[in-house]
Amino acid sequence: MPHSYVSCCMHYVFSTKDRRKTISHEIKERLWAYMGGIAKENKMKALAIGGTANHVHILLILPSAIPIAKAMQLIKGGLSKWVSDTFPMLRNFAWQEGYGAFSISVSGIDDTIAYIQNQEEHHRRRTFEEEFLSFLKKHGIEYDERYIWG
């Protein structure tokens, strides 16, 4: 077969270093737009981007040539540099080392987009830590809580 056909939809979740509330309302929209630009520049398609002051959700369609970890490296690395260069008051901005990556079926895309777009409301009832642990449990991912928060 001369061509590869791939459907890889990933819901990434990652937090600021130590889950500090450093993503203000003033920079949030610019941050989301820049993240979408990084995705597009690297032939990924961002279907939804959202989050709160201490974490981000991004739903990406990955091309066959970009592994799950490489996509996150491109997004987080590009964002860190841009935030430090663009916002002098955030020169020490950093992301937590790890991330969550959860596969999404085609039938789950609309619900995942709605979930990502409703982050502010969602987190009035649930912390980031509670949310992240529920994702791990839902996807059957084993973890040791002593090491999960880095």
# chains A, B, ... in the order shown; residues from 1 in each chain; ligands from 1
$ residues_around --residues "stretch 94-101 of chain A" --least-positions-apart "6" --cutoff "6 Å" --atoms "only C-alpha atoms" --output "list in words"
His11, Tyr12, Val13, Phe14, Ser15, Thr16 and Lys17 of chain A
$ write_last_selection --atoms "C-alpha atoms" --output "mmCIF file, in the first residue's frame"
data_model
loop_
_atom_site.group_PDB
_atom_site.id
_atom_site.type_symbol
_atom_site.label_atom_id
_atom_site.label_comp_id
_atom_site.auth_asym_id
_atom_site.auth_seq_id
_atom_site.Cartn_x
_atom_site.Cartn_y
_atom_site.Cartn_z
ATOM 1 C CA HIS A 11 -6.361 14.440 24.686
ATOM 2 C CA TYR A 12 -3.323 15.887 26.466
ATOM 3 C CA VAL A 13 -3.428 17.309 29.977
ATOM 4 C CA PHE A 14 -0.467 19.075 31.571
ATOM 5 C CA SER A 15 0.093 21.543 34.372
ATOM 6 C CA THR A 16 2.263 24.470 35.198
ATOM 7 C CA LYS A 17 5.275 23.731 37.398
#
$ select_by_dssp --residues "chain A" --states "helix (DSSP H, G or I)" --output "PyMOL selection string"
chain A and resi 17-19+25-41+68-86+88-90+106-117+119-122+128-138
$ residues_around --residues "stretch 41-48 of chain A" --least-positions-apart "6" --cutoff "7 Å" --atoms "only C-alpha atoms" --output "PyMOL selection string"
chain A and resi 58-63+113+116
$ atom_distance --atom1 "atom CA of A:Arg20" --atom2 "atom CA of A:Asn54"
5.5 Å
$ residues_around --residues "stretch 75-91 of chain A" --least-positions-apart "5" --cutoff "7 Å" --atoms "only C-alpha atoms" --output "ChimeraX atom specification"
/A:35,38-39
$ closest_residue --among "A:Phe102, A:Thr127, A:Ile23, A:Ala114" --to "A:Ile141" --atoms "only C-alpha atoms"
A:Phe102
$ select_by_dssp --residues "chain A" --states "strand (DSSP E or B)" --output "list in words"
Cys9, Met10, His11, Tyr12, Val13, Phe14, Ser15, Thr16, Lys45, Ala46, Leu47, Ala48, Ile49, Gly50, Gly51, Thr52, His55, Val56, His57, Ile58, Leu59, Leu60, Ile61, Trp95, Gly100, Ala101, Phe102 and Ser103 of chain A
